[in-house]
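> Enclosed is the structure file work02.txt (compact mmCIF, C-alpha atoms).
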```txt
# COMPACT_ATOMS: atom_id res chain seq x y z
CA MET A 1 -9.75 110.81 12.71
CA ASP A 2 -7.56 112.80 10.31
CA ASN A 3 -6.78 110.42 7.45
CA ASN A 4 -4.19 112.65 5.83
CA SER A 5 -2.10 113.10 8.96
CA ARG A 6 -1.98 109.34 9.46
CA ARG A 7 -0.71 108.55 6.02
CA ASP A 8 2.52 110.46 5.64
CA PHE A 9 4.73 108.08 7.58
CA LEU A 10 5.75 105.96 4.60
CA LYS A 11 6.77 109.05 2.69
CA LYS A 12 9.38 110.05 5.26
CA THR A 13 11.50 108.38 7.87
CA LEU A 14 9.48 107.73 11.01
CA ILE A 15 11.51 107.22 14.16
CA ALA A 16 9.58 105.86 17.09
CA SER A 17 9.65 108.50 19.81
CA THR A 18 7.99 106.30 22.39
CA ALA A 19 9.16 102.93 23.66
CA VAL A 20 6.98 99.96 22.77
CA GLY A 21 4.30 99.67 25.43
CA LEU A 22 3.35 95.99 25.54
CA GLY A 23 5.07 93.45 27.73
CA GLY A 24 7.41 90.75 26.53
CA ILE A 25 9.18 92.76 23.85
CA LEU A 26 12.32 91.08 22.63
CA PRO A 27 15.71 92.43 23.70
CA GLY A 28 17.22 94.76 21.13
CA PHE A 29 13.95 96.29 19.95
CA SER A 30 14.54 100.02 19.85
CA ALA A 31 13.82 103.24 18.04
CA LYS A 32 15.93 101.91 15.15
CA SER A 33 12.89 99.87 14.12
CA TYR A 34 11.54 102.52 11.77
CA ASN A 35 10.14 102.07 8.32
CA ARG A 36 12.09 102.66 5.15
CA ILE A 37 10.98 105.27 2.65
CA VAL A 38 8.81 103.71 -0.03
CA GLY A 39 8.95 105.08 -3.56
CA ALA A 40 5.85 105.59 -5.65
CA ASN A 41 6.61 102.59 -7.86
CA GLU A 42 8.27 100.42 -5.27
CA LYS A 43 6.69 97.26 -3.91
CA MET A 44 5.52 97.31 -0.32
CA ARG A 45 7.00 94.58 1.82
CA VAL A 46 4.57 92.56 3.86
CA SER A 47 4.82 90.42 6.99
CA VAL A 48 1.93 88.12 7.90
CA MET A 49 1.22 86.91 11.45
CA GLY A 50 -0.84 83.74 11.78
CA VAL A 51 -0.59 81.74 8.54
CA ASN A 52 -2.32 78.47 9.32
CA SER A 53 -5.53 79.23 7.42
CA ARG A 54 -6.90 82.72 6.82
CA GLY A 55 -3.42 84.21 7.09
CA ALA A 56 -2.10 81.87 4.40
CA ALA A 57 -4.82 83.06 2.03
CA LEU A 58 -4.04 86.69 2.83
CA ALA A 59 -0.32 86.06 2.31
CA GLN A 60 -0.98 84.61 -1.14
CA ASN A 61 -3.22 87.55 -1.97
CA PHE A 62 -0.61 90.13 -0.97
CA ALA A 63 2.02 88.13 -2.87
CA SER A 64 -0.11 88.21 -6.01
CA GLN A 65 -0.43 92.00 -6.02
CA ALA A 66 1.83 94.04 -8.28
CA GLN A 67 2.29 96.58 -5.49
CA SER A 68 3.42 94.23 -2.74
CA GLU A 69 5.51 91.20 -1.87
CA VAL A 70 5.60 89.02 1.22
CA ILE A 71 8.98 88.87 2.92
CA HIS A 72 8.07 87.41 6.35
CA VAL A 73 5.57 84.87 7.64
CA CYS A 74 5.11 84.41 11.36
CA ASP A 75 3.47 81.58 13.26
CA VAL A 76 3.86 79.66 16.52
CA ASP A 77 3.13 76.49 14.51
CA SER A 78 6.30 75.55 12.64
CA ARG A 79 4.29 73.42 10.21
CA ALA A 80 2.20 76.42 9.17
CA ILE A 81 5.31 78.46 8.36
CA ASP A 82 6.70 75.77 6.06
CA LYS A 83 3.37 75.20 4.34
CA CYS A 84 2.77 78.91 3.79
CA LYS A 85 6.25 79.48 2.36
CA GLU A 86 5.71 76.62 -0.06
CA GLY A 87 2.39 78.11 -1.17
CA LEU A 88 3.87 81.57 -1.65
CA ALA A 89 6.45 80.21 -4.09
CA LYS A 90 3.61 79.90 -6.62
CA PHE A 91 2.91 83.63 -6.47
CA GLN A 92 6.28 85.34 -6.10
CA LYS A 93 10.02 84.79 -6.47
CA THR A 94 10.88 86.78 -3.35
CA THR A 95 12.61 84.82 -0.62
CA VAL A 96 10.40 84.51 2.46
CA THR A 97 11.76 84.37 6.01
CA GLY A 98 9.82 82.55 8.70
CA PHE A 99 9.61 83.65 12.34
CA LYS A 100 8.05 81.84 15.26
CA ASP A 101 7.94 85.12 17.18
CA PHE A 102 6.36 87.92 15.15
CA ARG A 103 8.17 90.54 17.23
CA LYS A 104 11.39 89.64 15.42
CA SER A 105 9.70 90.59 12.18
CA LEU A 106 8.60 93.93 13.64
CA GLU A 107 12.24 94.71 14.39
CA SER A 108 12.97 94.76 10.67
CA LYS A 109 12.99 98.14 8.95
CA ASP A 110 12.23 96.32 5.69
CA VAL A 111 8.62 95.58 6.69
CA ASP A 112 6.08 98.15 5.50
CA ILE A 113 2.78 96.36 6.14
CA PHE A 114 2.07 93.99 9.00
CA VAL A 115 -0.91 91.65 8.55
CA VAL A 116 -2.58 90.33 11.72
CA ALA A 117 -4.46 87.08 11.10
CA ALA A 118 -3.73 85.35 14.41
CA PRO A 119 -6.56 84.40 16.82
CA ASP A 120 -8.83 87.16 18.13
CA HIS A 121 -7.04 87.66 21.46
CA TRP A 122 -3.95 88.73 19.51
CA HIS A 123 -5.61 91.16 17.09
CA ALA A 124 -5.39 94.43 19.01
CA PRO A 125 -2.18 93.75 20.98
CA ALA A 126 -0.27 92.77 17.83
CA ALA A 127 -1.67 95.71 15.85
CA ILE A 128 -0.64 98.11 18.61
CA LEU A 129 2.89 96.69 18.60
CA ALA A 130 3.05 97.03 14.84
CA SER A 131 1.82 100.61 15.06
CA GLN A 132 4.52 101.43 17.59
CA ALA A 133 7.08 99.88 15.25
CA GLY A 134 6.00 102.23 12.45
CA LYS A 135 4.18 99.70 10.30
CA SER A 136 0.92 99.98 8.41
CA VAL A 137 -1.49 97.31 9.65
CA TYR A 138 -3.96 95.12 7.82
CA LEU A 139 -6.04 93.83 10.73
CA GLU A 140 -8.47 90.97 10.30
CA LYS A 141 -11.89 91.30 11.87
CA PRO A 142 -12.82 91.56 14.62
CA CYS A 143 -10.36 94.35 15.32
CA SER A 144 -10.35 93.55 19.03
CA HIS A 145 -11.20 90.94 21.63
CA ASN A 146 -13.02 93.50 23.81
CA PRO A 147 -14.19 97.12 23.51
CA ARG A 148 -11.32 98.65 25.46
CA GLU A 149 -8.84 97.21 22.97
CA GLY A 150 -10.74 98.91 20.17
CA GLU A 151 -10.36 102.24 21.94
CA LEU A 152 -6.64 101.56 22.34
CA LEU A 153 -6.33 100.88 18.61
CA ILE A 154 -7.89 104.24 17.81
CA ALA A 155 -5.51 105.91 20.25
CA ALA A 156 -2.55 104.10 18.66
CA ALA A 157 -3.50 105.22 15.14
CA ASN A 158 -3.85 108.80 16.35
CA LYS A 159 -0.55 108.72 18.23
CA TYR A 160 1.67 106.93 15.72
CA GLY A 161 0.05 108.22 12.53
CA ASN A 162 -0.06 104.87 10.77
CA VAL A 163 -2.64 103.28 8.49
CA ILE A 164 -4.80 100.55 10.04
CA GLN A 165 -7.29 98.87 7.71
CA MET A 166 -9.73 96.34 9.20
CA GLY A 167 -10.42 93.27 7.09
CA ASN A 168 -14.15 93.70 6.56
CA GLN A 169 -13.44 93.32 2.87
CA ARG A 170 -16.99 93.79 1.61
CA ARG A 171 -16.48 97.53 2.13
CA SER A 172 -14.42 97.33 -1.09
CA TRP A 173 -16.60 94.95 -3.14
CA PRO A 174 -18.04 97.03 -6.04
CA ASN A 175 -21.61 95.74 -6.11
CA VAL A 176 -21.89 95.75 -2.32
CA VAL A 177 -20.84 99.41 -2.45
CA LYS A 178 -23.53 100.03 -5.09
CA GLY A 179 -26.12 98.31 -2.93
CA ILE A 180 -25.27 100.50 0.05
CA GLU A 181 -25.45 103.55 -2.23
CA GLU A 182 -28.98 102.50 -3.21
CA VAL A 183 -29.91 102.46 0.47
CA HIS A 184 -28.31 105.86 1.06
CA ASN A 185 -29.93 107.39 -2.04
CA GLY A 186 -33.44 106.57 -0.86
CA THR A 187 -34.23 103.83 -3.38
CA ILE A 188 -36.16 101.91 -0.70
CA GLY A 189 -37.34 105.06 1.06
CA LYS A 190 -36.68 105.81 4.70
CA VAL A 191 -34.72 102.85 6.07
CA PHE A 192 -35.48 101.93 9.66
CA TYR A 193 -34.44 98.30 10.15
CA ALA A 194 -31.63 96.01 9.03
CA LYS A 195 -31.76 92.26 9.71
CA THR A 196 -28.48 90.33 9.56
CA TRP A 197 -27.79 86.62 9.93
CA TYR A 198 -25.35 83.74 9.64
CA THR A 199 -26.01 79.99 9.69
CA ASN A 200 -23.82 76.89 9.62
CA ASN A 201 -23.77 73.21 10.62
CA ARG A 202 -20.79 73.10 12.96
CA PRO A 203 -20.30 69.74 14.72
CA SER A 204 -19.67 69.27 18.42
CA ILE A 205 -16.12 69.93 19.60
CA GLY A 206 -16.46 67.29 22.32
CA ILE A 207 -14.78 67.27 25.71
CA GLY A 208 -11.09 67.99 25.32
CA LYS A 209 -8.31 66.07 26.98
CA LYS A 210 -5.44 67.83 28.70
CA THR A 211 -2.37 66.64 26.81
CA ALA A 212 1.26 67.59 26.34
CA VAL A 213 1.83 70.54 24.02
CA PRO A 214 2.80 69.27 20.54
CA SER A 215 6.43 69.69 19.57
CA TRP A 216 5.51 71.93 16.62
CA LEU A 217 3.68 74.47 18.78
CA ASP A 218 4.83 77.29 21.07
CA PHE A 219 1.65 77.34 23.15
CA ASP A 220 2.90 79.97 25.57
CA LEU A 221 3.46 82.46 22.76
CA TRP A 222 0.18 81.39 21.14
CA GLN A 223 -1.62 82.46 24.33
CA GLY A 224 0.44 85.67 24.51
CA PRO A 225 -1.68 88.35 26.22
CA ALA A 226 -4.43 85.94 27.32
CA PRO A 227 -4.44 84.52 30.86
CA ARG A 228 -2.78 81.12 30.86
CA ALA A 229 -4.82 77.95 30.49
CA ALA A 230 -3.75 74.35 30.01
CA PHE A 231 -3.44 72.95 26.49
CA GLN A 232 -6.18 70.56 25.40
CA ASP A 233 -6.63 68.57 22.23
CA ASN A 234 -9.84 70.23 20.94
CA LEU A 235 -8.58 73.82 20.96
CA LEU A 236 -6.40 74.27 17.87
CA HIS A 237 -6.56 75.38 15.19
CA TYR A 238 -10.13 76.61 14.92
CA ASN A 239 -12.09 75.78 18.04
CA TRP A 240 -10.48 78.57 20.05
CA HIS A 241 -13.26 80.73 18.54
CA TRP A 242 -15.71 79.16 21.01
CA PHE A 243 -13.70 79.80 24.20
CA TRP A 244 -14.07 83.24 25.83
CA ASN A 245 -10.41 83.33 26.85
CA TRP A 246 -9.24 83.53 23.24
CA GLY A 247 -12.29 83.84 21.00
CA THR A 248 -15.38 85.99 20.61
CA GLY A 249 -17.97 83.51 19.35
CA GLU A 250 -19.91 83.41 16.10
CA ALA A 251 -21.17 86.95 16.65
CA LEU A 252 -17.74 88.41 15.98
CA ASN A 253 -16.41 85.53 13.89
CA ASN A 254 -19.03 85.98 11.17
CA GLY A 255 -21.53 88.48 12.51
CA THR A 256 -19.07 91.37 12.29
CA HIS A 257 -19.20 91.38 8.48
CA MET A 258 -22.96 91.73 8.11
CA VAL A 259 -23.51 93.96 11.13
CA ASP A 260 -20.86 96.26 9.64
CA LEU A 261 -22.85 96.47 6.40
CA ALA A 262 -26.02 97.13 8.39
CA ARG A 263 -24.40 99.96 10.34
CA TRP A 264 -22.97 101.38 7.12
CA GLY A 265 -26.32 101.25 5.35
CA LEU A 266 -28.29 102.76 8.23
CA GLN A 267 -25.58 105.42 8.73
CA VAL A 268 -25.48 104.93 12.49
CA ASP A 269 -22.60 104.89 14.96
CA TYR A 270 -23.25 103.86 18.56
CA PRO A 271 -26.52 102.31 19.76
CA THR A 272 -28.75 103.48 22.59
CA ARG A 273 -29.99 100.07 23.76
CA VAL A 274 -28.68 96.50 23.32
CA SER A 275 -30.18 93.14 24.26
CA SER A 276 -29.25 89.57 23.43
CA ASN A 277 -30.51 86.07 24.08
CA GLY A 278 -29.08 82.67 23.30
CA GLY A 279 -26.72 80.01 24.51
CA ARG A 280 -24.97 76.73 23.79
CA TYR A 281 -28.06 74.74 22.86
CA ALA A 282 -27.10 72.15 20.27
CA TYR A 283 -24.51 70.07 22.18
CA GLN A 284 -23.08 69.59 25.63
CA ASP A 285 -19.35 69.98 25.20
CA ASP A 286 -16.51 72.47 25.82
CA TRP A 287 -17.98 75.12 23.53
CA GLN A 288 -18.57 78.20 25.74
CA THR A 289 -19.91 80.91 23.42
CA PRO A 290 -23.48 80.77 22.01
CA ASP A 291 -24.26 78.50 19.09
CA THR A 292 -27.68 80.15 18.89
CA GLN A 293 -27.96 83.90 19.45
CA VAL A 294 -30.11 86.89 18.61
CA ILE A 295 -28.73 90.41 19.18
CA SER A 296 -30.95 93.50 19.03
CA LEU A 297 -29.37 96.94 18.65
CA GLU A 298 -31.52 100.06 18.85
CA PHE A 299 -30.37 103.47 17.62
CA GLY A 300 -32.60 106.11 19.11
CA PRO A 301 -36.34 106.01 18.43
CA ASP A 302 -36.40 104.96 14.78
CA LYS A 303 -33.62 102.58 13.73
CA MET A 304 -32.67 99.03 14.65
CA ILE A 305 -30.28 96.23 13.67
CA THR A 306 -30.66 92.58 14.60
CA TRP A 307 -28.23 89.71 14.15
CA GLU A 308 -29.26 86.05 14.25
CA GLY A 309 -26.53 83.45 14.52
CA ARG A 310 -27.15 79.71 14.20
CA SER A 311 -23.87 77.81 14.27
CA CYS A 312 -25.48 74.38 14.35
CA ASN A 313 -28.44 74.63 11.98
CA ALA A 314 -27.76 75.81 8.44
CA MET A 315 -31.38 76.45 7.43
CA THR A 316 -31.14 79.55 5.26
CA THR A 317 -32.75 82.93 5.87
CA GLU A 318 -34.10 84.79 2.82
CA GLY A 319 -32.53 82.02 0.71
CA SER A 320 -28.98 82.54 1.97
CA ASN A 321 -26.86 81.33 4.86
CA VAL A 322 -25.42 84.82 5.36
CA GLY A 323 -26.71 88.28 4.62
CA VAL A 324 -28.29 91.61 5.49
CA MET A 325 -31.75 92.81 4.53
CA PHE A 326 -32.57 96.52 4.71
CA TYR A 327 -36.24 97.39 5.21
CA GLY A 328 -37.52 100.82 4.16
CA SER A 329 -40.76 102.69 3.59
CA LYS A 330 -40.72 101.91 -0.16
CA GLY A 331 -39.07 98.50 -0.33
CA SER A 332 -36.22 96.29 0.78
CA LEU A 333 -32.66 95.55 -0.32
CA GLN A 334 -30.74 92.33 0.32
CA ILE A 335 -26.98 91.74 0.27
CA ASP A 336 -25.81 88.15 0.65
CA GLY A 337 -22.30 86.76 0.89
CA ALA A 338 -21.46 87.49 -2.75
CA ASN A 339 -20.66 90.69 -4.64
CA SER A 340 -24.32 91.25 -5.49
CA TYR A 341 -27.64 92.60 -4.22
CA LYS A 342 -31.39 92.32 -4.77
CA LEU A 343 -33.97 95.08 -4.66
CA PHE A 344 -37.61 94.43 -3.71
CA ASP A 345 -40.67 96.68 -3.77
CA ILE A 346 -42.85 97.27 -0.72
CA GLN A 347 -44.90 94.15 -1.58
CA GLY A 348 -41.79 91.97 -1.60
CA LYS A 349 -41.58 91.60 -5.39
CA LEU A 350 -38.07 91.39 -6.87
CA VAL A 351 -37.62 94.45 -9.09
CA LYS A 352 -33.86 94.51 -9.61
CA GLU A 353 -30.92 92.13 -9.20
CA VAL A 354 -27.27 93.14 -9.59
CA LYS A 355 -24.95 90.16 -9.89
CA ASP A 356 -21.20 89.76 -9.71
CA SER A 357 -19.70 90.85 -13.03
CA GLY A 358 -16.92 88.27 -12.94
CA PRO A 359 -13.18 88.16 -12.23
CA ILE A 360 -11.18 91.29 -11.71
CA ASN A 361 -7.63 91.79 -12.93
CA THR A 362 -5.92 89.44 -10.48
CA ALA A 363 -5.50 86.41 -12.70
CA SER A 364 -3.17 84.53 -10.37
CA LEU A 365 -5.96 84.19 -7.79
CA SER A 366 -8.50 81.52 -8.58
CA SER A 367 -10.93 82.22 -5.74
CA PRO A 368 -13.56 84.90 -6.53
CA SER A 369 -13.53 86.06 -2.90
CA GLN A 370 -9.75 86.44 -2.99
CA GLN A 371 -10.01 88.49 -6.16
CA LEU A 372 -12.55 90.76 -4.49
CA ASP A 373 -10.52 90.96 -1.27
CA ALA A 374 -7.59 92.19 -3.35
CA LEU A 375 -9.57 95.40 -3.88
CA HIS A 376 -9.48 96.02 -0.13
CA MET A 377 -5.70 95.62 -0.17
CA GLN A 378 -5.38 97.96 -3.14
CA ASN A 379 -7.44 100.53 -1.26
CA MET A 380 -4.92 100.26 1.58
CA PHE A 381 -1.99 100.73 -0.82
CA ALA A 382 -3.59 103.91 -2.14
CA ALA A 383 -4.14 105.18 1.39
CA ILE A 384 -0.48 104.64 2.24
CA LYS A 385 1.11 105.99 -0.92
CA ASN A 386 -1.38 108.61 -2.11
CA ASN A 387 -3.09 109.76 1.08
CA GLY A 388 -6.33 108.16 -0.09
CA ASN A 389 -9.20 107.34 2.23
CA LEU A 390 -9.43 103.90 3.77
CA ASN A 391 -12.63 101.98 3.12
CA SER A 392 -12.46 100.64 6.67
CA ASP A 393 -10.30 102.76 8.96
CA ILE A 394 -9.92 101.67 12.55
CA LEU A 395 -12.51 104.08 13.96
CA SER A 396 -15.16 102.65 11.62
CA GLY A 397 -13.91 99.13 12.28
CA HIS A 398 -14.15 99.63 16.03
CA LYS A 399 -17.71 100.95 15.83
CA SER A 400 -18.90 97.88 13.93
CA THR A 401 -16.95 95.45 16.09
CA LEU A 402 -18.32 97.12 19.21
CA LEU A 403 -21.92 96.42 18.19
CA VAL A 404 -21.52 92.65 18.34
CA GLN A 405 -19.26 92.92 21.39
CA LEU A 406 -22.07 94.73 23.18
CA GLY A 407 -24.39 91.92 22.15
CA ASN A 408 -22.09 89.39 23.78
CA ILE A 409 -21.79 91.55 26.88
CA ALA A 410 -25.59 91.84 27.17
CA LEU A 411 -25.89 88.06 26.86
CA ARG A 412 -23.23 87.38 29.48
CA ALA A 413 -24.59 90.06 31.82
CA GLY A 414 -28.10 88.67 31.42
CA LYS A 415 -29.74 92.06 30.98
CA GLN A 416 -30.63 94.76 28.50
CA LEU A 417 -27.96 97.43 28.30
CA GLU A 418 -28.47 101.16 28.04
CA ILE A 419 -25.70 102.70 25.93
CA ASN A 420 -24.14 106.15 25.69
CA SER A 421 -24.80 107.07 22.06
CA GLN A 422 -21.73 109.32 21.99
CA ASN A 423 -19.07 106.69 22.77
CA GLY A 424 -20.76 103.30 23.06
CA HIS A 425 -20.11 102.93 26.79
CA ILE A 426 -22.53 100.97 28.99
CA LEU A 427 -24.62 103.22 31.24
CA ASN A 428 -26.69 100.98 33.50
CA ASP A 429 -24.36 98.16 34.49
CA SER A 430 -21.15 99.13 36.28
CA ASP A 431 -20.21 95.47 36.73
CA ALA A 432 -20.42 94.78 32.99
CA MET A 433 -18.44 97.93 32.28
CA LYS A 434 -15.81 96.87 34.80
CA ASN A 435 -15.57 93.17 34.02
CA LEU A 436 -16.54 92.79 30.34
CA TRP A 437 -15.57 96.06 28.67
CA SER A 438 -11.94 95.02 29.04
CA ARG A 439 -10.27 91.82 30.20
CA GLU A 440 -7.49 90.44 32.35
CA TYR A 441 -4.10 89.95 30.70
CA ALA A 442 -1.18 87.68 31.34
CA LYS A 443 1.32 89.52 33.49
CA GLY A 444 3.62 91.70 31.44
CA TRP A 445 1.40 91.56 28.33
CA GLU A 446 -0.99 94.43 29.10
CA PRO A 447 -1.47 96.56 25.94
CA LYS A 448 -0.49 100.19 26.28
CA VAL A 449 -0.36 103.07 23.84
```
Please, can you express the file's structure as structure tokens?


Amino acid sequence: MDNNSRRDFLKKTLIASTAVGLGGILPGFSAKSYNRIVGANEKMRVSVMGVNSRGAALAQNFASQAQSEVIHVCDVDSRAIDKCKEGLAKFQKTTVTGFKDFRKSLESKDVDIFVVAAPDHWHAPAAILASQAGKSVYLEKPCSHNPREGELLIAAANKYGNVIQMGNQRRSWPNVVKGIEEVHNGTIGKVFYAKTWYTNNRPSIGIGKKTAVPSWLDFDLWQGPAPRAAFQDNLLHYNWHWFWNWGTGEALNNGTHMVDLARWGLQVDYPTRVSSNGGRYAYQDDWQTPDTQVISLEFGPDKMITWEGRSCNAMTTEGSNVGVMFYGSKGSLQIDGANSYKLFDIQGKLVKEVKDSGPINTASLSSPSQQLDALHMQNMFAAIKNNGNLNSDILSGHKSTLLVQLGNIALRAGKQLEINSQNGHILNDSDAMKNLWSREYAKGWEPKV
């Protein structure tokens, strides 16, 4: 993908030459929804979609940056809008407008950056709409609900020339970058295997009851592009992760981060073979995705990545609940959840440890992870204003997301998958390619580029 050609749109007026191609667009949305010209020293105006939890943290982070301000927050939960606006008042003086329907925000020419932090089934469709409206997009991981949506995101970025940064923020954490450089520079020799993992002690979600939709929620818009299902009381606001209709399981919820680092370190793109085993073992409830899962990804004859997810047993691996360990001919290198890494010799002896050096210059943010995540946002600002390179452009984001998606597909198909190493497509299972590479959409909500 040509980074430079995608980054000029904020330096000149961009008029949408193609009508928005996703169903349900609000009346009045037209080619007038183009972005304003942003000066070199002018703040970028941000709209955030999905502000109940992660989105609220992102909104505060963007509000704390000298280069940006939040002007819109969007959520189908009216309570989340009010709470987020109240929280933002601590970080900026700018007046914030709330929208139940994010498409109203996209109609505004004042919005420069659109942040997608809604549930997974909304990630790609909302990002495509924002691209068509001429906005830069900060897209939380995973970038898509299924592989076809990832391909559509790449097509959208190519067609509309906008910046799309995926929120795998560790790509911008300084010591993580140094650790990956150690791997690339041969410090641990020839690297052939990366093990990744995530553990937690998530409780049962029980058996949900079909109830009336709460007055504060627009459940129809919450479902958006997903096929319609009845509301039940154990779905919102987090448990949707464990339902295939809206979520993608622990593999994409947390696995995406570490598998991305593994792919980055091994310098691989698409696998040649994928297998996965696991299931819902810990409880008998409504949880559909695996709570215990192992994914194996082979890249030709000499490289491999594995991911182990344990949602209901938090016993650590290599002393951490989350991480990646690179194994090479001369030693090993471990990156955990923090901005740090450890280097071991071939006998397993610790020979070097690089720890987080402390807060960066974002004093208004108290959380260390928020301070580090701000670096990912600043990288995006530079890409928009100065034609800089994104640390996680959408092509790279799709490749990493696809790895764990293929793991889920292998699990659901119940077989090992042979993969085209040029594009990631499944070679030996036409049914999986037909039924799991993409998905069904609610009528009128099919994403198009």

> Counting all atoms listed in the file, which of A:Lys141, A:Lys209, A:Arg280, A:His241 gets nearest to A:His257?

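Closest residue, counting all atoms listed in the file: A:Lys141.
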
> Calculate how many Å separate atom CA of A:Gly161 from atom CA of A:Ser131, rounding to one decimal.

8.2 Å

> Could you check the closest approach to A:Val449 for each of A:Ile154, A:Leu395, A:Val115, A:Cys74 and tell me which residue wins, using all atoms listed in the file?

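Closest candidate: A:Ile154.
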
> Between atom CA of A:Asn339 and atom CA of A:Ser369, what is the distance in Å, rounded to a tenth?

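Interatomic distance here is 8.7 Å.
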
> Rounded to one decimal in Å, what is the spacing between atom CA of A:Glu353 and atom CA of A:Val324?

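Separation between atom CA of A:Glu353 and atom CA of A:Val324: 14.9 Å.
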
> Tell me which of A:Gly265, A:Pro301, A:Gly444, A:Pro174 sits closest to A:Ser340, counting all atoms listed in the file.

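Smallest distance to A:Ser340 is found for A:Pro174.
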
> Tell me which of A:Thr211, A:Asn428, A:Asn201, A:Ser396 sits closest to A:Arg273, counting all atoms listed in the file.

A:Asn428

> Tell me which of A:Asn435, A:Thr95, A:Asn200, A:Asn420 sits closest to A:Thr272, counting all atoms listed in the file.

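Comparing A:Asn435, A:Thr95, A:Asn200, A:Asn420 against A:Thr272, the winner is A:Asn420.
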
> Have a look at A:Leu106, A:Ser215, A:Asn175, A:Phe114 and name the one nearest to A:Ser78; count all atoms listed in the file.

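Among the listed residues, A:Ser215 lies closest to A:Ser78.
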
> Could you list, as a ChimeraX atom specification, every residue within 10 Å of A:Arg79, counting all atoms listed in the file and ignoring same-chain residues fewer than 2 positions away?

/A:51-52,75-77,81-84,216-217

> Could you list, as a ChimeraX atom specification, every residue within 12 Å of stretch 328-332 of chain A, counting all atoms listed in the file and ignoring same-chain residues fewer than 3 positions away?

/A:179-180,182-195,265-266,302-304,318,324-325,335,341-352

> Would you write out those residues with C-alpha atoms, as a PDB file, in the frame of the given file?


```
ATOM      1  CA  GLY A 179     -26.120  98.310  -2.930  1.00  0.00           C
ATOM      2  CA  ILE A 180     -25.270 100.500   0.050  1.00  0.00           C
ATOM      3  CA  GLU A 182     -28.980 102.500  -3.210  1.00  0.00           C
ATOM      4  CA  VAL A 183     -29.910 102.460   0.470  1.00  0.00           C
ATOM      5  CA  HIS A 184     -28.310 105.860   1.060  1.00  0.00           C
ATOM      6  CA  ASN A 185     -29.930 107.390  -2.040  1.00  0.00           C
ATOM      7  CA  GLY A 186     -33.440 106.570  -0.860  1.00  0.00           C
ATOM      8  CA  THR A 187     -34.230 103.830  -3.380  1.00  0.00           C
ATOM      9  CA  ILE A 188     -36.160 101.910  -0.700  1.00  0.00           C
ATOM     10  CA  GLY A 189     -37.340 105.060   1.060  1.00  0.00           C
ATOM     11  CA  LYS A 190     -36.680 105.810   4.700  1.00  0.00           C
ATOM     12  CA  VAL A 191     -34.720 102.850   6.070  1.00  0.00           C
ATOM     13  CA  PHE A 192     -35.480 101.930   9.660  1.00  0.00           C
ATOM     14  CA  TYR A 193     -34.440  98.300  10.150  1.00  0.00           C
ATOM     15  CA  ALA A 194     -31.630  96.010   9.030  1.00  0.00           C
ATOM     16  CA  LYS A 195     -31.760  92.260   9.710  1.00  0.00           C
ATOM     17  CA  GLY A 265     -26.320 101.250   5.350  1.00  0.00           C
ATOM     18  CA  LEU A 266     -28.290 102.760   8.230  1.00  0.00           C
ATOM     19  CA  ASP A 302     -36.400 104.960  14.780  1.00  0.00           C
ATOM     20  CA  LYS A 303     -33.620 102.580  13.730  1.00  0.00           C
ATOM     21  CA  MET A 304     -32.670  99.030  14.650  1.00  0.00           C
ATOM     22  CA  GLU A 318     -34.100  84.790   2.820  1.00  0.00           C
ATOM     23  CA  VAL A 324     -28.290  91.610   5.490  1.00  0.00           C
ATOM     24  CA  MET A 325     -31.750  92.810   4.530  1.00  0.00           C
ATOM     25  CA  ILE A 335     -26.980  91.740   0.270  1.00  0.00           C
ATOM     26  CA  TYR A 341     -27.640  92.600  -4.220  1.00  0.00           C
ATOM     27  CA  LYS A 342     -31.390  92.320  -4.770  1.00  0.00           C
ATOM     28  CA  LEU A 343     -33.970  95.080  -4.660  1.00  0.00           C
ATOM     29  CA  PHE A 344     -37.610  94.430  -3.710  1.00  0.00           C
ATOM     30  CA  ASP A 345     -40.670  96.680  -3.770  1.00  0.00           C
ATOM     31  CA  ILE A 346     -42.850  97.270  -0.720  1.00  0.00           C
ATOM     32  CA  GLN A 347     -44.900  94.150  -1.580  1.00  0.00           C
ATOM     33  CA  GLY A 348     -41.790  91.970  -1.600  1.00  0.00           C
ATOM     34  CA  LYS A 349     -41.580  91.600  -5.390  1.00  0.00           C
ATOM     35  CA  LEU A 350     -38.070  91.390  -6.870  1.00  0.00           C
ATOM     36  CA  VAL A 351     -37.620  94.450  -9.090  1.00  0.00           C
ATOM     37  CA  LYS A 352     -33.860  94.510  -9.610  1.00  0.00           C
TER      38      LYS A 352
END
```

> Name all residues at most 9 Å from A:Asp269 (count all atoms listed in the file; drop same-chain ones fewer than 6 positions away) and give them as number ranges by chain.

A: 263, 299, 396, 399-400, 421-424

> Please provide as a ChimeraX atom specification all residues within 10 Å of A:Leu390, with the sequence filter that same-chain residues fewer than 2 positions apart are discarded (counting all atoms listed in the file).

/A:3,163-166,171-172,376-384,387-388,392-394,396
